[in-house]
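Enquirer: Contents are mmCIF, C-alpha atoms; file name start35.cif:
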```cif
data_structure
loop_
_atom_site.label_atom_id
_atom_site.label_comp_id
_atom_site.auth_asym_id
_atom_site.auth_seq_id
_atom_site.Cartn_x
_atom_site.Cartn_y
_atom_site.Cartn_z
CA MET A 1 51.43 88.45 117.66
CA THR A 2 48.72 89.44 120.16
CA ALA A 3 49.99 90.16 123.66
CA LEU A 4 48.58 87.92 126.37
CA PRO A 5 46.43 89.49 129.11
CA LEU A 6 48.22 90.23 132.36
CA CYS A 7 47.98 88.43 135.70
CA ILE A 8 50.03 89.39 138.79
CA SER A 9 50.90 87.30 141.86
CA LEU A 10 52.21 88.23 145.29
CA MET A 11 53.56 85.26 147.26
CA GLY A 12 55.04 85.19 150.74
CA PRO A 13 55.14 83.39 154.08
CA THR A 14 52.48 83.83 156.71
CA ALA A 15 52.58 87.16 158.62
CA SER A 16 54.89 88.81 156.05
CA GLY A 17 52.44 91.63 155.26
CA LYS A 18 50.91 90.36 152.00
CA THR A 19 47.36 91.49 152.74
CA ASP A 20 48.21 95.08 153.68
CA LEU A 21 50.41 95.44 150.63
CA ALA A 22 47.84 93.87 148.31
CA VAL A 23 45.04 96.09 149.59
CA ALA A 24 47.18 99.21 149.16
CA LEU A 25 47.89 98.25 145.54
CA ALA A 26 44.26 97.32 144.84
CA GLU A 27 43.25 100.83 145.93
CA ARG A 28 45.75 102.36 143.48
CA TYR A 29 45.31 100.15 140.41
CA PRO A 30 42.52 98.21 138.61
CA LEU A 31 43.33 94.97 140.44
CA GLU A 32 40.97 92.27 141.76
CA ILE A 33 42.44 90.09 144.51
CA ILE A 34 42.17 86.30 144.30
CA SER A 35 43.11 84.67 147.59
CA VAL A 36 45.63 81.83 147.31
CA ASP A 37 45.22 80.43 150.81
CA SER A 38 44.06 76.93 151.73
CA ALA A 39 42.67 78.10 155.10
CA LEU A 40 40.78 81.24 154.02
CA VAL A 41 38.44 79.12 151.88
CA TYR A 42 36.63 77.92 155.04
CA LYS A 43 33.55 79.71 156.35
CA GLY A 44 33.60 80.64 160.01
CA MET A 45 37.36 80.24 160.34
CA ASP A 46 38.13 83.93 160.64
CA ILE A 47 40.32 84.66 163.66
CA GLY A 48 42.71 81.72 163.46
CA THR A 49 43.33 82.23 159.74
CA ALA A 50 43.89 86.02 160.06
CA LYS A 51 41.15 86.43 157.48
CA PRO A 52 40.76 90.04 156.27
CA ASP A 53 38.01 91.73 158.27
CA ALA A 54 34.86 93.31 156.83
CA ALA A 55 36.42 96.78 156.65
CA THR A 56 39.42 95.45 154.69
CA LEU A 57 37.19 93.45 152.33
CA ALA A 58 35.07 96.57 151.75
CA ARG A 59 38.21 98.40 150.63
CA ALA A 60 39.45 95.53 148.46
CA PRO A 61 37.12 92.54 147.89
CA HIS A 62 38.82 89.13 147.78
CA HIS A 63 37.75 86.17 145.66
CA LEU A 64 37.99 82.55 146.99
CA ILE A 65 37.36 83.45 150.62
CA ASP A 66 34.53 81.68 152.50
CA VAL A 67 33.72 79.26 149.69
CA VAL A 68 33.28 75.96 151.61
CA GLU A 69 32.04 74.73 154.98
CA PRO A 70 34.74 73.53 157.40
CA THR A 71 33.41 69.97 157.07
CA GLU A 72 34.27 69.98 153.34
CA GLY A 73 37.56 69.50 151.56
CA TYR A 74 39.14 71.89 149.10
CA SER A 75 41.85 70.65 146.74
CA ALA A 76 44.60 72.20 144.66
CA GLY A 77 42.74 70.94 141.59
CA ARG A 78 39.56 72.76 142.58
CA PHE A 79 41.57 75.89 143.30
CA ARG A 80 43.14 75.78 139.84
CA THR A 81 39.77 75.35 138.11
CA GLU A 82 38.12 78.17 140.06
CA ALA A 83 41.11 80.50 139.86
CA LEU A 84 41.39 80.11 136.07
CA ALA A 85 37.67 80.89 135.69
CA LEU A 86 38.01 83.97 137.91
CA ILE A 87 41.11 85.17 136.05
CA GLU A 88 39.25 84.99 132.75
CA ALA A 89 36.19 86.79 134.16
CA ILE A 90 38.30 89.56 135.72
CA GLN A 91 40.19 90.08 132.48
CA ARG A 92 36.92 90.30 130.53
CA ARG A 93 35.96 93.15 132.86
CA GLY A 94 39.11 94.96 131.77
CA ARG A 95 40.77 94.51 135.16
CA ILE A 96 43.91 92.72 136.36
CA PRO A 97 43.73 89.50 138.41
CA PHE A 98 45.97 89.76 141.49
CA LEU A 99 46.80 86.40 143.10
CA VAL A 100 47.79 86.88 146.74
CA GLY A 101 48.65 84.27 149.35
CA GLY A 102 51.05 81.77 150.80
CA THR A 103 49.74 78.34 149.77
CA MET A 104 52.57 77.47 147.45
CA LEU A 105 51.00 74.19 146.31
CA TYR A 106 48.12 76.23 144.87
CA PHE A 107 50.50 78.59 143.09
CA ARG A 108 52.34 75.57 141.68
CA ALA A 109 49.08 73.92 140.57
CA LEU A 110 48.03 77.10 138.76
CA LYS A 111 51.38 77.69 137.10
CA HIS A 112 52.36 74.13 136.19
CA GLY A 113 49.11 72.20 136.27
CA LEU A 114 48.39 68.96 138.11
CA ASP A 115 49.17 65.38 137.29
CA GLU A 116 46.36 62.84 137.24
CA LEU A 117 46.79 61.22 140.65
CA PRO A 118 44.73 58.29 141.98
CA GLY A 119 41.69 59.20 144.06
CA ALA A 120 41.46 59.05 147.83
CA ASP A 121 41.13 55.67 149.59
CA PRO A 122 39.22 56.29 152.86
CA ALA A 123 40.01 52.84 154.31
CA LEU A 124 43.72 53.19 153.62
CA ARG A 125 43.74 56.71 155.04
CA ALA A 126 42.13 55.40 158.23
CA GLU A 127 44.86 52.75 158.51
CA ILE A 128 47.58 55.40 158.06
CA ASP A 129 45.92 57.65 160.65
CA ALA A 130 45.82 54.75 163.11
CA LEU A 131 49.52 54.10 162.57
CA ALA A 132 50.25 57.80 163.10
CA ALA A 133 48.25 57.81 166.34
CA ARG A 134 50.33 54.86 167.55
CA ASP A 135 53.80 55.74 166.24
CA GLY A 136 53.68 59.46 165.40
CA TRP A 137 53.98 61.23 162.04
CA PRO A 138 57.82 61.44 162.17
CA ALA A 139 57.91 57.62 162.19
CA LEU A 140 55.62 57.52 159.16
CA HIS A 141 57.85 60.11 157.51
CA GLN A 142 60.75 57.67 157.95
CA GLU A 143 58.68 54.97 156.25
CA LEU A 144 57.90 57.39 153.43
CA ALA A 145 61.65 58.08 153.08
CA ARG A 146 62.11 54.35 152.49
CA LEU A 147 59.30 54.11 149.92
CA ASP A 148 59.62 57.50 148.23
CA PRO A 149 62.80 59.38 149.22
CA VAL A 150 62.17 62.13 146.67
CA SER A 151 58.81 63.09 148.20
CA ALA A 152 60.08 62.63 151.76
CA ALA A 153 62.92 65.07 151.10
CA ARG A 154 60.45 67.89 150.40
CA ILE A 155 57.90 67.02 153.12
CA GLN A 156 58.46 68.01 156.74
CA PRO A 157 58.37 65.16 159.33
CA ASN A 158 55.27 66.65 161.01
CA ASP A 159 53.34 67.57 157.85
CA ALA A 160 50.59 65.02 158.50
CA GLN A 161 48.40 65.75 155.49
CA ARG A 162 51.18 65.48 152.91
CA ILE A 163 52.79 62.42 154.54
CA GLN A 164 49.41 60.70 154.58
CA ARG A 165 48.75 61.44 150.91
CA ALA A 166 52.22 60.36 149.77
CA LEU A 167 51.98 57.09 151.71
CA GLU A 168 48.44 56.52 150.46
CA VAL A 169 49.56 56.81 146.83
CA CYS A 170 52.55 54.50 147.40
CA LEU A 171 50.56 51.81 149.17
CA ALA A 172 47.52 51.98 146.89
CA THR A 173 49.34 51.95 143.56
CA GLY A 174 52.80 50.53 144.15
CA ARG A 175 54.24 53.70 142.59
CA SER A 176 55.72 56.62 144.48
CA LEU A 177 54.07 60.03 144.48
CA SER A 178 57.20 61.45 142.83
CA GLU A 179 56.73 59.00 139.95
CA TRP A 180 53.15 60.16 139.50
CA GLN A 181 54.18 63.82 139.54
CA THR A 182 55.81 64.20 136.17
CA GLY A 183 56.25 67.97 136.48
CA ARG A 184 54.70 68.78 133.11
CA THR A 185 54.21 72.50 132.60
CA ARG A 186 50.97 73.78 131.06
CA THR A 187 50.89 76.88 128.90
CA LEU A 188 48.94 79.61 130.67
CA PRO A 189 46.51 81.77 128.68
CA PHE A 190 47.94 84.91 130.29
CA GLU A 191 51.25 86.56 131.16
CA LEU A 192 52.05 85.88 134.81
CA VAL A 193 54.20 88.48 136.60
CA GLU A 194 55.31 87.18 140.00
CA PHE A 195 56.52 88.88 143.18
CA ALA A 196 57.72 87.15 146.34
CA LEU A 197 58.04 88.66 149.82
CA ILE A 198 61.11 87.08 151.44
CA PRO A 199 62.25 88.76 154.67
CA SER A 200 66.01 89.18 155.11
CA ASP A 201 65.69 88.66 158.88
CA ARG A 202 63.97 85.48 160.10
CA ALA A 203 63.72 86.93 163.63
CA TRP A 204 61.56 89.77 162.26
CA LEU A 205 59.09 87.24 160.86
CA HIS A 206 59.12 85.17 164.05
CA GLU A 207 58.29 88.23 166.14
CA ARG A 208 55.36 89.11 163.85
CA ILE A 209 54.08 85.52 164.02
CA GLN A 210 54.23 85.57 167.82
CA ARG A 211 52.51 88.95 168.08
CA ARG A 212 49.75 87.95 165.65
CA PHE A 213 49.06 84.64 167.41
CA ARG A 214 48.70 86.45 170.73
CA GLN A 215 46.32 88.89 169.06
CA MET A 216 44.26 85.94 167.82
CA LEU A 217 43.96 84.63 171.36
CA ALA A 218 42.88 88.06 172.62
CA GLN A 219 40.28 88.25 169.83
CA GLY A 220 38.70 84.96 170.92
CA PHE A 221 40.37 82.28 168.81
CA LEU A 222 39.48 79.48 171.23
CA ASP A 223 35.86 80.68 171.38
CA GLU A 224 35.79 80.59 167.57
CA VAL A 225 36.91 76.95 167.50
CA ARG A 226 34.45 76.12 170.28
CA ARG A 227 31.60 77.61 168.21
CA LEU A 228 32.72 75.72 165.10
CA ARG A 229 32.67 72.43 167.03
CA GLN A 230 29.14 73.21 168.21
CA GLN A 231 27.90 74.27 164.78
CA TYR A 232 29.46 71.53 162.62
CA ALA A 233 30.08 67.80 162.90
CA LEU A 234 33.83 68.29 162.91
CA GLU A 235 36.55 65.70 163.43
CA PRO A 236 40.22 66.49 164.21
CA GLY A 237 41.38 64.72 161.05
CA MET A 238 39.38 66.95 158.71
CA PRO A 239 41.51 69.28 156.53
CA ALA A 240 39.99 72.41 158.09
CA MET A 241 40.94 71.28 161.59
CA ARG A 242 44.44 70.39 160.44
CA CYS A 243 45.13 74.03 159.64
CA VAL A 244 47.91 75.57 161.72
CA GLY A 245 46.56 76.81 165.03
CA TYR A 246 43.30 74.89 164.73
CA ARG A 247 45.03 71.57 165.45
CA GLN A 248 46.46 73.02 168.64
CA ALA A 249 43.17 74.74 169.59
CA TRP A 250 41.36 71.40 169.24
CA GLU A 251 43.85 69.75 171.61
CA CYS A 252 43.43 72.61 174.07
CA LEU A 253 39.63 72.29 174.05
CA GLU A 254 40.01 68.53 174.52
CA GLY A 255 42.10 69.21 177.63
CA ARG A 256 45.33 67.81 176.22
CA LEU A 257 47.04 71.22 176.19
CA GLY A 258 46.96 74.01 178.74
CA LEU A 259 46.49 77.58 177.56
CA ASP A 260 50.20 78.45 177.78
CA GLU A 261 51.21 75.25 175.99
CA PHE A 262 48.57 75.88 173.32
CA GLN A 263 50.04 79.31 172.68
CA GLU A 264 53.58 77.96 172.58
CA LYS A 265 52.73 75.09 170.22
CA GLY A 266 50.55 77.29 168.01
CA ILE A 267 53.35 79.81 167.55
CA ALA A 268 55.87 77.03 166.88
CA ALA A 269 53.59 75.41 164.30
CA THR A 270 53.09 78.75 162.54
CA ARG A 271 56.85 79.28 162.41
CA GLN A 272 57.22 75.82 160.87
CA LEU A 273 54.62 76.75 158.26
CA ALA A 274 56.57 79.92 157.44
CA LYS A 275 59.76 77.87 157.13
CA ARG A 276 58.09 75.52 154.62
CA GLN A 277 56.74 78.47 152.64
CA LEU A 278 60.18 80.10 152.52
CA THR A 279 61.71 76.82 151.32
CA TRP A 280 59.23 76.78 148.43
CA LEU A 281 59.90 80.43 147.64
CA ARG A 282 63.69 80.11 147.63
CA GLY A 283 63.39 77.37 145.03
CA TRP A 284 60.82 79.29 142.95
CA SER A 285 61.99 80.63 139.61
CA GLY A 286 60.66 83.68 137.84
CA ALA A 287 59.59 85.84 140.78
CA THR A 288 60.93 89.28 141.68
CA VAL A 289 62.04 89.07 145.32
CA LEU A 290 61.09 91.88 147.68
CA ASP A 291 62.18 92.33 151.30
CA PRO A 292 59.24 93.33 153.55
CA LEU A 293 61.70 94.79 156.06
CA GLU A 294 62.09 97.70 153.64
CA GLY A 295 58.59 98.85 154.61
CA VAL A 296 57.24 101.58 152.34
CA GLY A 297 60.15 100.92 150.00
CA VAL A 298 58.43 97.71 148.88
CA LEU A 299 55.30 99.63 147.94
CA THR A 300 57.44 102.17 146.07
CA VAL A 301 59.08 99.39 144.05
CA LEU A 302 55.73 97.81 143.25
CA ASP A 303 54.26 101.18 142.31
CA GLY A 304 57.04 101.58 139.76
CA ARG A 305 56.51 98.09 138.37
CA MET A 306 52.75 98.58 138.14
CA HIS A 307 53.27 101.84 136.31
CA ARG A 308 55.47 100.10 133.73
CA LEU A 309 53.21 97.06 133.43
CA LEU A 310 49.96 98.99 133.06
CA GLY A 311 51.34 102.07 131.35
CA GLU A 312 49.53 104.35 133.78
CA GLY A 313 49.84 105.85 137.22
CA PRO A 314 47.72 105.09 140.26
CA MET A 315 43.96 105.50 139.99
#
```
If you convert what's in this file into structure tokens, what do you get?
Expert:
Amino acid sequence: MTALPLCISLMGPTASGKTDLAVALAERYPLEIISVDSALVYKGMDIGTAKPDAATLARAPHHLIDVVEPTEGYSAGRFRTEALALIEAIQRRGRIPFLVGGTMLYFRALKHGLDELPGADPALRAEIDALAARDGWPALHQELARLDPVSAARIQPNDAQRIQRALEVCLATGRSLSEWQTGRTRTLPFELVEFALIPSDRAWLHERIQRRFRQMLAQGFLDEVRRLRQQYALEPGMPAMRCVGYRQAWECLEGRLGLDEFQEKGIAATRQLAKRQLTWLRGWSGATVLDPLEGVGVLTVLDGRMHRLLGEGPM
């Protein structure tokens, strides 16, 4: 029986050190990084997404970064299609695809496939947005809990995009999102070896999130969002502007948040994102868990695994 080609993934919450670790490994082994991040796909959104800078990308190029304008959408289905094509192309070059990121929905879509869900209904979405503006997303989350308790249990009360989609499916079809999502697993045309960065100390991650958000502000995050608003016909409900940090920056530029409150809410929202990512990861099966607090020890462990997987030492 012919062995399947290899594909490696590195998952983890925001600010856990995925990029530095991935770049270090890509410089040692024949790996090509595929970004698994729903915010890094947007052009011009560099500071607020902690996008790898030009020097980092020169050391280790990333696929699926800067692929759409911020006025466009980018779905899990599109990610799966493009990632599978990239994986095949990388393997034909005799190299190893290395999936790196924290958008767990994209990892799930790649690994398990996607169910055929009904398309978007712009009019219904507008109605849901109007209700949210009046009553707040936590109130709509309570309504979702009544209509689809299974989906509501795994969606946070302030996760506007996912609440909207789940309610849209319920109201448009009369069937809950959880009924549509059958959980069928597709057979992948490669062997997937998974690693997950899960810090043993939540305070460590919170401190890194706070430090990085303050760095973003010092680097001109608000100026970046101001330029994007001038360059594109953006609306606050667009997926790009719903990204963590960008929602709060929009409110700050609109005068609804002061600078200190913007920083406070941006950090809190990023911590909530990390919490959701960690919830996904703790329920994920098949991944080798690594603790980023171990520092260089994590790289040592991965070096050993790479050596066994590839049958060779570093390049």
Enquirer: Counting all atoms listed in the file, which of A:Gly48, A:Pro149, A:Gly255, A:Pro236 gets nearest to Met216 in chain A?
Expert: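 Going through A:Gly48, A:Pro149, A:Gly255, A:Pro236 one by one, the smallest distance to Met216 in chain A is for A:Gly48.
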Enquirer: Just checking: using all atoms listed in the file, which residue out of A:Arg59, A:Ile90, A:Ile47, A:Ile163 ends up closest to Arg28 in chain A?
Expert: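 Distance minimum relative to Arg28 in chain A lands on A:Arg59.
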Enquirer: Return as JSON, numbers by chain the set of residues that the PyMOL selection byres ((chain A and resi 40) around 7) yields on the displayed structure.
Expert: {"A": [37, 38, 39, 41, 42, 49, 51, 65, 66]}
Enquirer: Identify all residues satisfying the PyMOL selection byres ((chain A and resi 77) around 12) in the given file; provide them as a PyMOL selection string.
Expert: chain A and resi 38+73-76+78-84+105-117
Enquirer: Would you mind telling me which residue in A:Leu86, A:Pro70, A:Val169, A:Pro30 lies nearest to Arg227 in chain A when using only C-alpha atoms?
Expert: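 Nearest candidate to Arg227 in chain A out of A:Leu86, A:Pro70, A:Val169, A:Pro30: A:Pro70.
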Enquirer: Draw an axis-aligned box tight on the listed atoms of range 202-220 of chain A, then pad every side by 5 Å and write out centre and edge lengths in Å to one decimal as lines of an AutoDock Vina configuration file.
Expert:
```
center_x = 51.3
center_y = 87.2
center_z = 166.4
size_x = 35.3
size_y = 15.1
size_z = 22.5
```
Enquirer: Which residues come within 9 Å of Asp159 in chain A, counting all atoms listed in the file, excluding same-chain residues fewer than 5 positions away, as a list in words?
Expert: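 Surrounding residues, per the criterion: Trp137, Pro138, His141 and Gln164 of chain A.
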Enquirer: Quick one: of A:Asp201, A:Glu254, A:Asp53, A:Glu143, who's nearest to Arg226 in chain A, counting only C-alpha atoms?
Expert: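 Smallest separation from Arg226 in chain A among the options: A:Glu254.
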Enquirer: Determine, counting all atoms listed in the file, which protein, DNA and RNA residues have an atom within 12 Å of an atom of Leu228 in chain A; residues of the same chain fewer than 5 positions away are not included. Present the result as a ChimeraX atom specification.
Expert: /A:42-48,69-71,221-223,233-236,240-241,246,249-250,253
Enquirer: Hey, can you check how far CA of Ala3 in chain A sits from CA of Gly94 in chain A?
Expert: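 The value is 14.4 Å.
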Enquirer: Using all atoms listed in the file, which residues sit within 10 Å of Arg247 in chain A once same-chain residues fewer than 2 positions away are excluded, as a ChimeraX atom specification?
Expert: /A:225,236-245,249-252,262,265-266,269
Enquirer: What's the separation between CA of Gln219 in chain A and CA of Leu259 in chain A, in Å to one decimal place?
Expert: 14.6 Å
Enquirer: Nearest residue to Pro52 in chain A out of A:Val193, A:Ile209, A:Val23, A:Leu4, using all atoms listed in the file?
Expert: A:Val23
Enquirer: For this structure, which residues satisfy the selection - the PyMOL selection byres ((chain A and resi 24) around 12) - when it is evaluated on the file as given? I want them as a VMD selection string.
Expert: chain A and resid 17 to 23 25 to 33 56 to 57 59 to 60 296 298 to 300 302 to 303 314 to 315
Enquirer: Give as an MDAnalysis selection string every residue, naming chains and numbers as the document does, that has an atom within 10 Å of (50.6, 86.5, 142.9), counting all atoms listed in the file.
Expert: chainID A and resid 7:12 18 22 33:36 97:102 107 192:196 287
Enquirer: Using only C-alpha atoms, please write the residues we just selected to a file, as a short mmCIF file (atom, residue, chain, number, x, y, z; two decimals), in the coordinates of the input.
Expert:
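Full text of part_8.cif as output:
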```cif
data_model
loop_
_atom_site.label_atom_id
_atom_site.label_comp_id
_atom_site.auth_asym_id
_atom_site.auth_seq_id
_atom_site.Cartn_x
_atom_site.Cartn_y
_atom_site.Cartn_z
CA CYS A 7 47.98 88.43 135.70
CA ILE A 8 50.03 89.39 138.79
CA SER A 9 50.90 87.30 141.86
CA LEU A 10 52.21 88.23 145.29
CA MET A 11 53.56 85.26 147.26
CA GLY A 12 55.04 85.19 150.74
CA LYS A 18 50.91 90.36 152.00
CA ALA A 22 47.84 93.87 148.31
CA ILE A 33 42.44 90.09 144.51
CA ILE A 34 42.17 86.30 144.30
CA SER A 35 43.11 84.67 147.59
CA VAL A 36 45.63 81.83 147.31
CA PRO A 97 43.73 89.50 138.41
CA PHE A 98 45.97 89.76 141.49
CA LEU A 99 46.80 86.40 143.10
CA VAL A 100 47.79 86.88 146.74
CA GLY A 101 48.65 84.27 149.35
CA GLY A 102 51.05 81.77 150.80
CA PHE A 107 50.50 78.59 143.09
CA LEU A 192 52.05 85.88 134.81
CA VAL A 193 54.20 88.48 136.60
CA GLU A 194 55.31 87.18 140.00
CA PHE A 195 56.52 88.88 143.18
CA ALA A 196 57.72 87.15 146.34
CA ALA A 287 59.59 85.84 140.78
#
```
Enquirer: Which residue out of A:Ala15, A:Leu6, A:Leu124, A:Ala145 has the minimum interatomic distance to Ala274 in chain A when all atoms listed in the file are used?
Expert: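 The answer is A:Ala15, which sits nearest to Ala274 in chain A.
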Enquirer: Could you check how far CA of Trp204 in chain A sits from CA of Arg282 in chain A, in Å to one decimal?
Expert: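 One can read the CA of Trp204 in chain A to CA of Arg282 in chain A distance as 17.7 Å.
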Enquirer: I'd like the neighbourhood of Arg154 in chain A as an MDAnalysis selection string, where a residue qualifies if any of its atoms comes within 10 Å (using only C-alpha atoms), though same-chain residues fewer than 5 positions away should be ignored.
Expert: chainID A and resid 149 162 276 279:280
